[in-house]
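Participant: My questions will all concern the structure given below.
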Amino acid sequence: MNVSIIINIIYILSASLFIYGLKELSSPATARRGNLISSLGMFIAIVVTLFDRGIVEYQWIILGIALGGAIGAAAARIVAMTAMPEMVALFNGFGGLASLLVGWAALFGTGVTNFTITTIFLSILIGGVTFTGSLIAWGKLSGTLNGQPILFTGQQIFNTVLMAAILVCGVLFTLDPSNSYYLYVIIGLSFLFGVMFVIPIGGGDMPVVISLLNSYSGLAACAAGFAINNILLIVAGSLVGASGIILTKIMCKAMNRSLSNVLFSGFGSPTTAKGLIEGTVKPIVAEDAYYILEAASSVLIVPGYGMAVAQAQHVVKELQELLEKNGAEVVYGVHPVAGRMPGHMNVLLAEADVSYDVLLEMDAVNPRMENFDVAIVIGANDVVNPAAREDESSPLYGRPIINTDFARTVFVLKRSMASGFAGVDNPLFFKENARMLFGDAKESISQVVREFAN
Amino acid sequence: MNVSIIINIIYILSASLFIYGLKELSSPATARRGNLISSLGMFIAIVVTLFDRGIVEYQWIILGIALGGAIGAAAARIVAMTAMPEMVALFNGFGGLASLLVGWAALFGTGVTNFTITTIFLSILIGGVTFTGSLIAWGKLSGTLNGQPILFTGQQIFNTVLMAAILVCGVLFTLDPSNSYYLYVIIGLSFLFGVMFVIPIGGGDMPVVISLLNSYSGLAACAAGFAINNILLIVAGSLVGASGIILTKIMCKAMNRSLSNVLFSGFGSPTTAKGLIEGTVKPIVAEDAYYILEAASSVLIVPGYGMAVAQAQHVVKELQELLEKNGAEVVYGVHPVAGRMPGHMNVLLAEADVSYDVLLEMDAVNPRMENFDVAIVIGANDVVNPAAREDESSPLYGRPIINTDFARTVFVLKRSMASGFAGVDNPLFFKENARMLFGDAKESISQVVREFAN
Amino acid sequence: MEIVFLAFILILAIFLGFELINKVPATLHTPLMSGSNAISGITLIGALVSAGAEQSQMATILGVAAVTFATINVIGGYLVTDRMLGMFKKKKRELSE
Amino acid sequence: MEIVFLAFILILAIFLGFELINKVPATLHTPLMSGSNAISGITLIGALVSAGAEQSQMATILGVAAVTFATINVIGGYLVTDRMLGMFKKKKRELSE
Amino acid sequence: MIMMIGVPKETHGSEKRAALTPSDVKKLVRLGATVQVETGLGEKSGIADEGYSEAGASIVTDRSTVLGTSDVVLRVRKPAVDEIPKLKKESVHISFLDPFKETGLIEEFQKHQITAISMEMIPRTTLAQKMDALSSQANLAGYVMVIIACQKLPSILPMMMTPAGTLKPATVFVIGAGVAGLQAIATAKRLGAKVIAFDTRPVVAEQVRSLGAKFLDIDLGEIEQTKDGYAVELKPEQIELQKEGQKKQIAASDVVITTAQVFGRKPPVIVTRDMIKEMKKGSVIVDMAAESGGNVEGSAAGETIVIDGVTIVGDGNWTNFVARDASVMYSSNLYNLIDEFWDEENKSLKLDFENEILKGCVITHGGEIVSEMVKSLGR
Amino acid sequence: MIMMIGVPKETHGSEKRAALTPSDVKKLVRLGATVQVETGLGEKSGIADEGYSEAGASIVTDRSTVLGTSDVVLRVRKPAVDEIPKLKKESVHISFLDPFKETGLIEEFQKHQITAISMEMIPRTTLAQKMDALSSQANLAGYVMVIIACQKLPSILPMMMTPAGTLKPATVFVIGAGVAGLQAIATAKRLGAKVIAFDTRPVVAEQVRSLGAKFLDIDLGEIEQTKDGYAVELKPEQIELQKEGQKKQIAASDVVITTAQVFGRKPPVIVTRDMIKEMKKGSVIVDMAAESGGNVEGSAAGETIVIDGVTIVGDGNWTNFVARDASVMYSSNLYNLIDEFWDEENKSLKLDFENEILKGCVITHGGEIVSEMVKSLGR
Ligand SMILES: NC(=O)c1ccc[n+]([C@@H]2O[C@H](COP(=O)([O-])OP(=O)(O)OC[C@H]3O[C@@H](n4cnc5c(N)ncnc54)[C@H](OP(=O)(O)O)[C@@H]3O)[C@@H](O)[C@H]2O)c1
Ligand SMILES: NC(=O)c1ccc[n+]([C@@H]2O[C@H](COP(=O)([O-])OP(=O)(O)OC[C@H]3O[C@@H](n4cnc5c(N)ncnc54)[C@H](OP(=O)(O)O)[C@@H]3O)[C@@H](O)[C@H]2O)c1
Ligand SMILES: NC(=O)c1ccc[n+]([C@@H]2O[C@H](COP(=O)([O-])OP(=O)(O)OC[C@H]3O[C@@H](n4cnc5c(N)ncnc54)[C@H](O)[C@@H]3O)[C@@H](O)[C@H]2O)c1
Ligand SMILES: NC(=O)c1ccc[n+]([C@@H]2O[C@H](COP(=O)([O-])OP(=O)(O)OC[C@H]3O[C@@H](n4cnc5c(N)ncnc54)[C@H](O)[C@@H]3O)[C@@H](O)[C@H]2O)c1
């Protein structure tokens with residue numbers, strides 16, 4: 001058996017490690033190990049490649065690796081936890097650029113057929129788009145660029161023309177690969193296209209865009225693999241390409257949006273409510289609520305009239321039991337005027353057989369509010385309205401409330417942004433630590449309960 | 001492009017169809033279409049193969065296809081619905097045999113290397129095991145053979161020796177492929193091994209065995225693919241091999257058994273309870289209960305003391321709502337002495353806010369019992385004990401009961417086979433249409449409810 | 001080199017096979033088994049090549065036998081699966097009416 | 001013929017990629033993205049070959065640049081992913097203590 | 001010969017129940033019997049004479065006619081001794097009888113060759129459950145006792161968190177969780193009280209919990225129950241253990257409901273005066289069996305009294321508070337009894353004295369005491 | 001100068017509530033007030049004098065001392081007119097007053113320069129909810145009315161499927177689902193009754209359903225409610241529509257509870273004699289406002305009567321049945337009121353007459369009628 005076969009067998013192993021790693025990455029319990037496994041796959045692939053007969057010059061390679069490794073490691077260490085997404089965007093851009101370069105370099109290789117040229121073109125195009133697209137995404141996320149979507153009249157037409165131009169250049173390039181003029185134009189146009197692709201998208205949607213660009217960089221690697229005839233590049237690239245698209249779709253679903261809506265609507269710009277209330281409303285889906293609850297060790301449930309309307313008491317009890325089984329302490333904070341009659345909440349909670357021991361009065365929960373990991377406000381509104389504390393002009397001013405806004409995280413379960421009995425807006429919904437879980441309370445809690453089950 | 005490339009491109013298409021078909025086969029909504037897609041893949045693969053340059057003689061092929069097609073079609077049409085599993089076993093056996101023959105035939109091909117010989121050996125071995133193993137499974141299932149596990153002392157040793165013999169022959173054969181003596185011995189031994197593999201397993205476990213053998217026949221095809229250097233055989237064969245193993249594991253899990261327990265324990269023989277009670281206890285898991293409930297259009301819930309003990313009333317209500325949302329009619333049949341005090345069930349069901357309109361008396365549900373698709377007995381026992389109707393010697397004889405055994409299907413939710421207040425055995429559990437969903441009633445129903453959610 | 005490709009393909013197909021079957025309701029166990037059994041009749045392709053290749057008489061005989069058996073597997077397998085699933089479908093349709 | 005094999009491999013890998021990511025909790029979206037981004041740095045392998053093959057100076061320059069960028073992607077990607085997941089792990093462990 | 005079933009009005013002043021309801025009259029007529037009822041039978045439970053006549057009974061104004069011409073006489077309470085002679089000879093008389101105490105009455109039945117069936121002696125077997133009037137009435141009593149307690153208590157049972165402060169849920173302690181006790185638990189639980197229960201039979205703990213209430217664990221050593229599900233009498237030292245264990249719970253309770261009974265014996269005294277003293281003013285104790293001695297020291301039969309600021313309800317005859325439903329259930333018990341032993345062919349009652357149920361509940365027949373239990377007591 | 005708060009005993013015969021409880025005495029003392037209570041204040045609601053003295057109040061035997069030396073006098077019911085002159089001049093008097101009817105009383109307050117605060121006039125704003133005694137008492141009344149209905153009804157509320165037949169759940173129909181009505185709905189629902197409710201204000205439908213009860217839909221055309229959440233009076237033709245719509249429901253109900261009121265007006269008559277005639281014998285009607293006219297034709301103020309076999313409960317003073325809890329809530333309302341207007345520095349009550357709450361509930365001050373509402377009525 002010759003070296004090439006050995007290398008390829010190792011490549012098979014490496015591909016298996018990537019596959020297995022990806023699989024493990026998609027489940028919380030195994031994610032970290034998955035990442036390790038996948039990096040192991042990468043490591044052996046790199047090492048074995050260095051034995052390739054074709055590689056004769058090592059000094060430059062060592063230099064490149066050392067430089068790149070140092071930069072990458074430093075960046076990964078230094079970056080602030082909150083800045084990770086933009087860092088990923090940057091890395092991704094570099095990956096795309098690398099594919100572009102590999103494709104380009106392949107031009108100088110031996111045995112360049114029509115087919116190879118096509119794949120070279122593809123790897124340059126996709127690599128270029130990924131590169132500039134990722135850079136723009138990085139800029140928008142990090143605040144270097146304005147997060148607002150940039151839209152201008154004729155954008156559609158411009159992009160169509162751009163695409164056509166790329167296509168034409170591609171054909172010309174394939175016909176005459178030695179003419180580097182086309183090559184440069186293609187590189188330039190693909191850079192431009194990457195920019196055009198991302199600017200109309202709002203900063204809030206950048207994670208989706210990055211995920212999509214990540215998928216592209218996989219495809220670029222795949223195309224480069226065809227160009228230099230390397231199976232591992234093809235396998236790993238197409239794995240990333242396909243799984244990236246699925247991930248993108250999943251992310252869109254979690255935001256309750258379609259991919260085309262994300263890409264073409266100019267949505268997703270950070271919004272600010274009018275009036276005194278400041279901040280952004282941050283919706284959350286049941287699945288994510290579950291992940292936070294799952295990690296919580298003390299939970300406060302604040303029921304209100306909406307729990308009664310939804311008749312959600314039974315599922316609330318179920319949630320309580322699941323949280324307790326999960327090791328969390330659960331108490332209810334019952335505001336004296338919650339609901340529409342005195343003792344309204346008591347009637348319902350007794351019906352659901354919630355033990356009296358966990359029903360606490362407002363004055364009992366407020367002093368320890370800071371210690372609750374999560375406060376779940378279930379269809380309550382006025383009784384948790386911080387305007388009663390903060391806003392002298394509010395008709396609620398002076399009324400004691402349950403200060404859920406002081407809890408580490410607050411989930412507010414209601415159907416809309418509508419106000420409660422008193423008809424006043426609620427600044428709680430806009431607080432940094434608040435997450436809105438929209439929908440009928442019974443439905444929402446059932447969903448969370450189901451997440452616990454899975 | 002030459003013919004071979006075209007053929008192979010069609011093969012890629014065909015493989016994709018197999019993959020997609022398999023995926024669709026695993027979900028109820030799309031299963032039938034999946035089967036169709038997969039058969040389409042098969043069809044184009046066969047047609048395109050006939051264009052293979054290598055194939056020069058068509059008359060024999062036509063004969064073989066016509067004969068095999070006629071037999072297969074006839075068998076598939078004639079077979080009774082209940083005999084399908086054994087028919088699958090038989091088909092599977094033929095598939096194994098075909099792989100064996102293909103492997104054998106490959107011996108006469110050109111370019112037989114060491115590697116090819118090894119794969120030929122594997123395809124013969126696995127094909128042979130699949131063949132006889134499937135035949136035995138067919139015999140046990142159809143009743144042609146005794147369903148009891150056949151165990152004898154020294155079985156382990158015998159099997160070990162057998163395996164060693166096969167291995168030795170394999171090595172000898174690889175070293176001297178022209179010596180057909182080894183070949184015949186290998187065929188014989190693999191047949192014997194197939195028999196030995198299946199006889200210690202009880203008739204009740206045959207479905208699992210068939211699934212495993214199905215996986216083997218995939219592997220045999222895969223090996224044959226290596227032997228004759230055919231990618232499609234490799235892809236399709238390994239797909240079936242791998243997915244078959246997963247399916248086998250899933251089936252074991254559904255029976256609450258491990259694969260090794262199935263294969264080596266001699267368990268799974270049809271059992272008969274002692275005394276008057278006849279039949280087998282058929283456990284069911286929540287997932288399957290869900291599939292039956294999902295298809296039911298009228299459901300009767302019969303609560304008993306166990307519902308009270310489990311405090312399952314709230315989840316029962318939830319199940320009711322889900323069933324109703326699914327379009328089913330749900331009523332409760334409340335036996336006058338269910339529970340431990342008069343009106344016990346009423347107290348609990350009122351707590352869970354079950355509408356009075358759906359609470360029916362025994363005399364209201366019994367006449368229409370035949371029309372209920374499913375009766376769910378939740379922690380009731382004595383009040384649904386048909387011995388009260390059938391068995392004059394029973395202490396319950398003469399007491400009116402809710403005749404859930406007349407419903408199309410009965411689910412009995414309880415923790416064990418224990419008896420109820422009256423301390424007498426319940427023949428209901430052994431009836432043909434009864435399925436036991438073991439576990440705490442609240443847990444069990446929660447699980448079913450979750451299935452509805454997914 | 002071919003062997004490398006084949007091995008790659010084998011590995012990928014095996015991984016894919018594992019991934020495809022994730023969660024199958026029990027009602028589908030038998031149809032799925034039967035349907036994938038029909039796919040394993042792909043060995044028919046190999047049989048066709050053997051039977052038609054005119055390598056030797058023995059190979060042809062073996063090939064034809066293989067074709068016959070494999071065809072039984074394929075045709076029977078698909079048809080039986082379809083019958084099973086047909087029953088299933090009908091039950092569901094009844095309900096929705 | 002090689003192209004057939006490659007195509008087969010491509011198709012299988014794409015199917016596999018689709019199947020692998022079934023249901024990912026939102027907390028894992030970013031790490032998963034980052035982790036698979038690191039894998040897409042596999043282009044480094046290609047870069048190595050280009051850089052080391054001594055085909056032409058241009059190819060070497062391009063190759064070395066590609067190696068540098070790809071390495072940033074690979075090393076940075078894996079490390080960042082690990083950091084993210086590390087946080088996640090810790091939070092869980094805290095709870096169980 | 002068609003069987004005549006007669007129902008006289010109840011004579012006991014406070015008794016509001018009727019032994020038979022129109023719907024069961026209808027059923028009896030359908031069986032083939034003739035039914036006559038005394039006028040005004042259902043008045044106190046809200047059933048007019050027309051109800052009966054519409055159902056097919058004849059309304060008779062003369063009480064002695066009802067008594068004297070019926071083959072089967074149905075009533076709720078035991079008859080006055082002086083009414084026995086008025087009964088038709090060899091007729092069947094079905095009612096509560098209190099046979100262990102009423103030896104004079106039994107003798108009179110014997111003398112007049114009446115077949116006397118005692119409803120409290122229906123055995124507690126699975127098959128006899130539908131005729132078990134003790135259970136059906138105890139069940140309603142459980143509900144009634146809680147309603148009465150609510151009415152006497154100067155506070156509410158449920159918890160209420162209101163702008164004017166939080167009202168704690170009342171604590172209800174139920175001693176003896178048989179049929180009545182369980183229903184009391186269920187009712188108090190429904191109203192939102194904190195419910196704790198105790199019983200000497202260990203099997204009851206699970207039943208109490210199945211209603212969502214707490215069970216007070218007191219270790220009394222070994223405890224048995226009879227095959228009929230009745231409790232056996234505790235040894236004196238066990239009673240002491242029980243009292244000790246309950247003391248704290250009683251002091252902490254707003255309502256105590258005692259239903260502890262041992263079949264055929266005087267109920268044990270469980271709540272003593274010093275325990276009452278420890279209770280909050282205004283608390284309520286309901287003593288179910290006050291009329292036959294009671295579980296509470298100082299409780300007065302048929303009366304509600306206040307001791308140390310604690311209201312002690314010993315009214316008894318609980319089901320009269322829900323006379324209509326109580327009549328429905330009792331009447332249904334009687335109908336089920338008759339139906340069980342009805343001879344379809346001859347359209348008459350055919351008592352098979354080998355039957356397990358009749359062996360238990362028939363006290364006298366043909367001038368003899370046939371009940372083994374009553375006999376053994378007589379000796 | 002330290003503020004003296006005094007609480008005389010209630011004089012009305014049937015009144016069991018106390019205006020102040022020991023725990024609120026404690027709180028007042030903590031504010032810096034001195035509290036004196038007349039001896040025997042809490043007797044009827046189960047609070048001994050010691051309770052008060054332990055909490056820091058002085059027990060005074062002489063009633064005129066309490067009245068004459070207190071800067072603030074607290075009570076439940078309106079005072080007798082002849083007690084006004086005994087009050088300290090310029091003192092504050094807080095109680096229910098019925099200011100629309102008691103013009104004589106108001107004049108007397110004016111004459112003696114008393115600042116009279118009427119608890120029924122506390123506005124129904126969000127901030128005043130904790131002082132709203134009408135609500136706190138109505139809430140308890142809702143519970144009590146159901147308990148009383150249970151006790152009068154000859155059957156049980158919940159459904160019961162038993163060996164002796166099935167008892168159907170009782171149907172409870174609640175007319176007027178304000179504070180009291182909602183609590184009545186909740187309580188009846190808890191007990192397992194089938195509950196239907198009606199109210200003229202459309203917003204109530206959702207509230208009724210949020211308690212798991214049914215709402216009876218009757219189309220009355222346009223309906224409003226005041227900004228305080230009170231109902232407006234219906235037009236005569238609307239009342240007729242309502243009656244028509246409810247007729248069938250009333251006939252089908254075992255218990256009817258009427259709480260329909262329009263603030264400051266005589267309650268509308270909703271249940272008429274012919275409707276009562278259609279009801280089952282033994283059914284129960286509870287007329288919450290019987291004392292001020294009532295919703296039921298023929299209901300007697302303060303009495304329980306039987307018309308056509310239907311028991312009509314018009315007892316009134318409902319919260320006296322749960323006097324202890326009612327006292328707790330009322331007392332807490334009073335404390336919240338004082339606390340709201342307490343001047344920390346001077347340790348005294350400081351009434352700011354521009355305050356929205358006081359604008360509503362202060363009737364007289366400094367010899368003048370200051371309440372706009374009462375004034376507008378006087379003209
Ligand atoms: N307790 C009493 O005695 C009494 C009496 C009268 C008035 N009040 C007043 O009522 C208010 C009570 O406060 P609160 O916080 O309990 O209620 P609230 O302020 O009225 O808010 C209730 C919230 O529940 C949400 N909701 C309604 N139906 C829902 C459903 N099916 N699922 C999920 N959410 C639902 C509504 O938002 P969406 O529409 O967006 O879903 C609404 O904002 C206070 O202002 C109090 O003064 C109380
Ligand atoms: N209604 C009355 O007034 C009254 C009074 C006294 C006696 N009884 C008698 O009680 C009986 C009532 O009949 P029934 O059918 O209601 O009850 P049952 O015959 O006593 O059976 C109850 C069944 O529930 C199961 N169970 C217990 N806990 C459970 C849990 N947590 N989850 C799931 N299953 C659980 C038990 O089986 P596992 O242990 O296997 O789980 C048991 O077999 C009758 O015989 C009646 O005569 C009735
Ligand atoms: N087999 C049947 O079908 C059937 C029919 C009816 C009743 N039963 C069962 O019979 C049992 C008894 O019924 P009952 O209510 O008529 O009994 P009961 O009225 O004789 O006694 C009431 C309860 O008091 C308890 N008790 C006795 N001494 C006590 C003490 N010192 N302290 C505390 N509790 C004490 C008893 O255990 C019993 O639970 C019930 O559990 C019931 O389920 C069975
Ligand atoms: N803003 C607050 O914080 C606050 C405080 C207390 C009460 N409230 C609200 O005020 C409302 C009224 O309270 P209340 O109970 O004291 O009112 P109430 O006692 O004046 O009236 C009782 C009920 O009778 C109804 N009614 C009037 N005429 C009727 C008719 N013809 N038929 C049927 N029903 C009729 C009214 O709509 C009301 O619901 C309640 O809904 C309550 O929620 C609000």
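Chain identifiers are assigned as A, B, and so on, following the order in which chains appear in the structure tokens; residues are numbered from 1 within each chain, and ligands are numbered from 1 in order of appearance.
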Taking only C-alpha atoms into account, what are the residues of chain F at most 6 Å from chain E, put as a list in words?

Facilitator: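 Only these qualify: Gly46, Lys130, Pro154, Ser155, Pro163, Ala164, Arg190, Leu191, Lys281, Gly282, Val322, Ala323, Arg324, Asp325, Met329, Ser332 and Asn333 of chain F.
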
Participant: Can you tell me which residues surround A:Val331 at a distance of at most 9 Å, considering only C-alpha atoms, apart from same-chain residues fewer than 2 positions away, and format the answer as a VMD selection string?

Facilitator: chain A and resid 298 to 302 320 329 333 357 to 360 365

Participant: Hey, which residues sit close to ligand 3? Say within 7 Å, counting only C-alpha atoms and all ligand atoms, and write them as an MDAnalysis selection string.

Facilitator: (chainID B and resid 340:341) or (chainID E and resid 124:126 129 132 134:135 138 175:181 198:201 204 228:234 239 259:263 268 270)

Participant: Quick one: contact table of chain A to chain C, 10 Å max, nearest atom pair and distance in Å to one decimal per residue, counting only C-alpha atoms, chain and number order, as a tab-separated table?

Facilitator:
residue	atom	partner	partner_atom	distance
A:Met1	CA	C:Met1	CA	9.6
A:Asn2	CA	C:Met1	CA	9.4
A:Ser4	CA	C:Met1	CA	8.0
A:Ile5	CA	C:Met1	CA	6.4
A:Ile6	CA	C:Val4	CA	9.0
A:Ile7	CA	C:Val4	CA	9.6
A:Asn8	CA	C:Val4	CA	6.4
A:Ile9	CA	C:Val4	CA	6.6
A:Tyr11	CA	C:Phe8	CA	8.7
A:Ile12	CA	C:Phe8	CA	5.9
A:Leu13	CA	C:Ile11	CA	9.1
A:Ala15	CA	C:Phe8	CA	8.7
A:Ser16	CA	C:Ile11	CA	7.5
A:Ile19	CA	C:Phe15	CA	8.0
A:Tyr20	CA	C:Phe15	CA	8.8
A:Lys23	CA	C:Glu19	CA	9.4
A:Ile231	CA	C:Phe5	CA	8.2
A:Leu232	CA	C:Phe8	CA	9.3
A:Val235	CA	C:Leu12	CA	9.0

Participant: Can you write just those residues out, C-alpha atoms, as a PDB file, in the first residue's frame?

Facilitator:
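Dumped everything to result.pdb:
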ATOM      1  CA  MET A   1       0.000   0.000   0.000  1.00  0.00           C
ATOM      2  CA  ASN A   2       1.329   3.358  -0.858  1.00  0.00           C
ATOM      3  CA  SER A   4      -1.609   7.970  -0.522  1.00  0.00           C
ATOM      4  CA  ILE A   5      -3.784   5.081   0.533  1.00  0.00           C
ATOM      5  CA  ILE A   6      -2.643   5.334   4.109  1.00  0.00           C
ATOM      6  CA  ILE A   7      -3.310   9.035   4.076  1.00  0.00           C
ATOM      7  CA  ASN A   8      -6.747   8.405   2.709  1.00  0.00           C
ATOM      8  CA  ILE A   9      -7.531   5.779   5.280  1.00  0.00           C
ATOM      9  CA  TYR A  11      -8.824  10.724   6.148  1.00  0.00           C
ATOM     10  CA  ILE A  12     -11.665   8.260   6.501  1.00  0.00           C
ATOM     11  CA  LEU A  13     -11.020   8.094  10.195  1.00  0.00           C
ATOM     12  CA  ALA A  15     -14.154  12.188   8.494  1.00  0.00           C
ATOM     13  CA  SER A  16     -15.751   9.740  10.900  1.00  0.00           C
ATOM     14  CA  ILE A  19     -19.346  13.197  11.745  1.00  0.00           C
ATOM     15  CA  TYR A  20     -19.388  11.843  15.238  1.00  0.00           C
ATOM     16  CA  LYS A  23     -23.546  14.644  16.150  1.00  0.00           C
ATOM     17  CA  ILE A 231     -11.946  13.578  -0.560  1.00  0.00           C
ATOM     18  CA  LEU A 232     -11.692  14.818   2.989  1.00  0.00           C
ATOM     19  CA  VAL A 235     -16.759  15.183   2.858  1.00  0.00           C
TER      20      VAL A 235
END

Participant: Report as a PDB file with N, CA and C atoms, in the first residue's frame the set of chain A residues whose atoms approach chain F to within 6 Å, with distances computed over only C-alpha atoms.

Facilitator:
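Ended up saving to iface31.pdb:
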ATOM      1  N   ALA A 308     -55.743  32.486  35.322  1.00  0.00           N
ATOM      2  CA  ALA A 308     -57.140  32.085  35.504  1.00  0.00           C
ATOM      3  C   ALA A 308     -57.842  31.984  34.154  1.00  0.00           C
ATOM      4  N   VAL A 309     -57.623  32.982  33.317  1.00  0.00           N
ATOM      5  CA  VAL A 309     -58.286  32.983  32.010  1.00  0.00           C
ATOM      6  C   VAL A 309     -57.859  31.756  31.211  1.00  0.00           C
ATOM      7  N   MET A 341     -60.829  38.795  41.845  1.00  0.00           N
ATOM      8  CA  MET A 341     -61.575  38.784  43.102  1.00  0.00           C
ATOM      9  C   MET A 341     -60.597  38.410  44.197  1.00  0.00           C
ATOM     10  N   ARG A 399     -48.581  51.786  44.647  1.00  0.00           N
ATOM     11  CA  ARG A 399     -49.130  50.481  44.996  1.00  0.00           C
ATOM     12  C   ARG A 399     -47.971  49.495  45.139  1.00  0.00           C
TER      13      ARG A 399
END

Participant: Which parts of stretch 273-325 of chain E does DSSP call alpha helix (DSSP H) when run on the backbone here, written out as a list in words?

Facilitator: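 So, restricting stretch 273-325 of chain E to alpha helix (DSSP H), we get Arg273, Asp274, Met275, Ile276, Lys277, Glu278, Ala323, Arg324 and Asp325 of chain E.
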
Participant: Residues at most 7 Å from stretch 350-355 of chain A, counting only C-alpha atoms, excluding those fewer than 3 positions away in the same chain, as a ChimeraX atom specification?

Facilitator: /A:313-314,317,346-347,358 /B:351 /E:192

Participant: Select the residues contacting ligand 1 at a distance of at most 6 Å, based on only C-alpha atoms and all ligand atoms, then format the selection as a list in words.

Facilitator: Gly304, Tyr305, Gly306, Val309, Ala310, Val337, Ala338, Gly339, Arg340, Met341, Pro342, Gly379, Ala380, Asn381, Asp382, Val383, Leu413, Lys414, Arg415, Ser416, Met417, Ala418, Ser419, Gly420, Phe421, Ala422, Asp440 and Ala441 of chain A; Thr126 of chain F

Participant: Need to verify the contact set: D:Asn37, 10 Å, only C-alpha atoms, exclusion of same-chain residues closer than 4 positions in sequence. Can you return it as an MDAnalysis selection string?

Facilitator: (chainID A and resid 88:89 91:93 95 210:211 213:218 237 240:241 244) or (chainID D and resid 31:33 41:42 73:74 76:78 81)

Participant: If we count only C-alpha atoms, which residues of chain A reach to within 12 Å of chain B? Please list them as an NGL selection string.

Facilitator: :A and (311-318 or 322 or 347-353 or 442-443 or 446-454)

Participant: When you look at stretch 83-86 of chain D with a cut-off of 12 Å (counting only C-alpha atoms), what residues show up, excluding the ones that are within fewer than 2 positions of it in the same chain? I need them as a PyMOL selection string.

Facilitator: (chain A and resi 25-36+73+75-85+87-88) or (chain D and resi 27-35+76-81+88-93)

Participant: Using only C-alpha atoms, which residues sit within 7 Å of F:Val296 once same-chain residues fewer than 6 positions away are excluded, as a count of residues only?

Facilitator: 5

Participant: Show me, as JSON lines, the residues of stretch 30-109 of chain A having an atom within 12 Å of stretch 163-181 of chain A, each with the closest atom pair and its distance in Å, using only C-alpha atoms.

Facilitator:
{"residue": "A:Trp104", "atom": "CA", "partner": "A:Ser180", "partner_atom": "CA", "distance": 10.1}
{"residue": "A:Ala106", "atom": "CA", "partner": "A:Pro177", "partner_atom": "CA", "distance": 11.3}
{"residue": "A:Leu107", "atom": "CA", "partner": "A:Pro177", "partner_atom": "CA", "distance": 7.9}
{"residue": "A:Phe108", "atom": "CA", "partner": "A:Ser178", "partner_atom": "CA", "distance": 9.5}

Participant: Figure out the distance between atom CA of F:Ala289 and atom CA of F:Arg75, please, to one decimal in Å.

Facilitator: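 Computing the Euclidean distance for atom CA of F:Arg75 and atom CA of F:Ala289 yields 21.6 Å.
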
Participant: Which residues are close to stretch 45-59 of chain D, i.e. within 9 Å by only C-alpha atoms, leaving aside same-chain residues fewer than 2 positions away? Reply as number ranges by chain.

Facilitator: A: 45-46, 49-50, 52-61, 98-99, 101-110, 221, 224-225, 228, 230, 232-233; D: 41-43, 61-68, 70
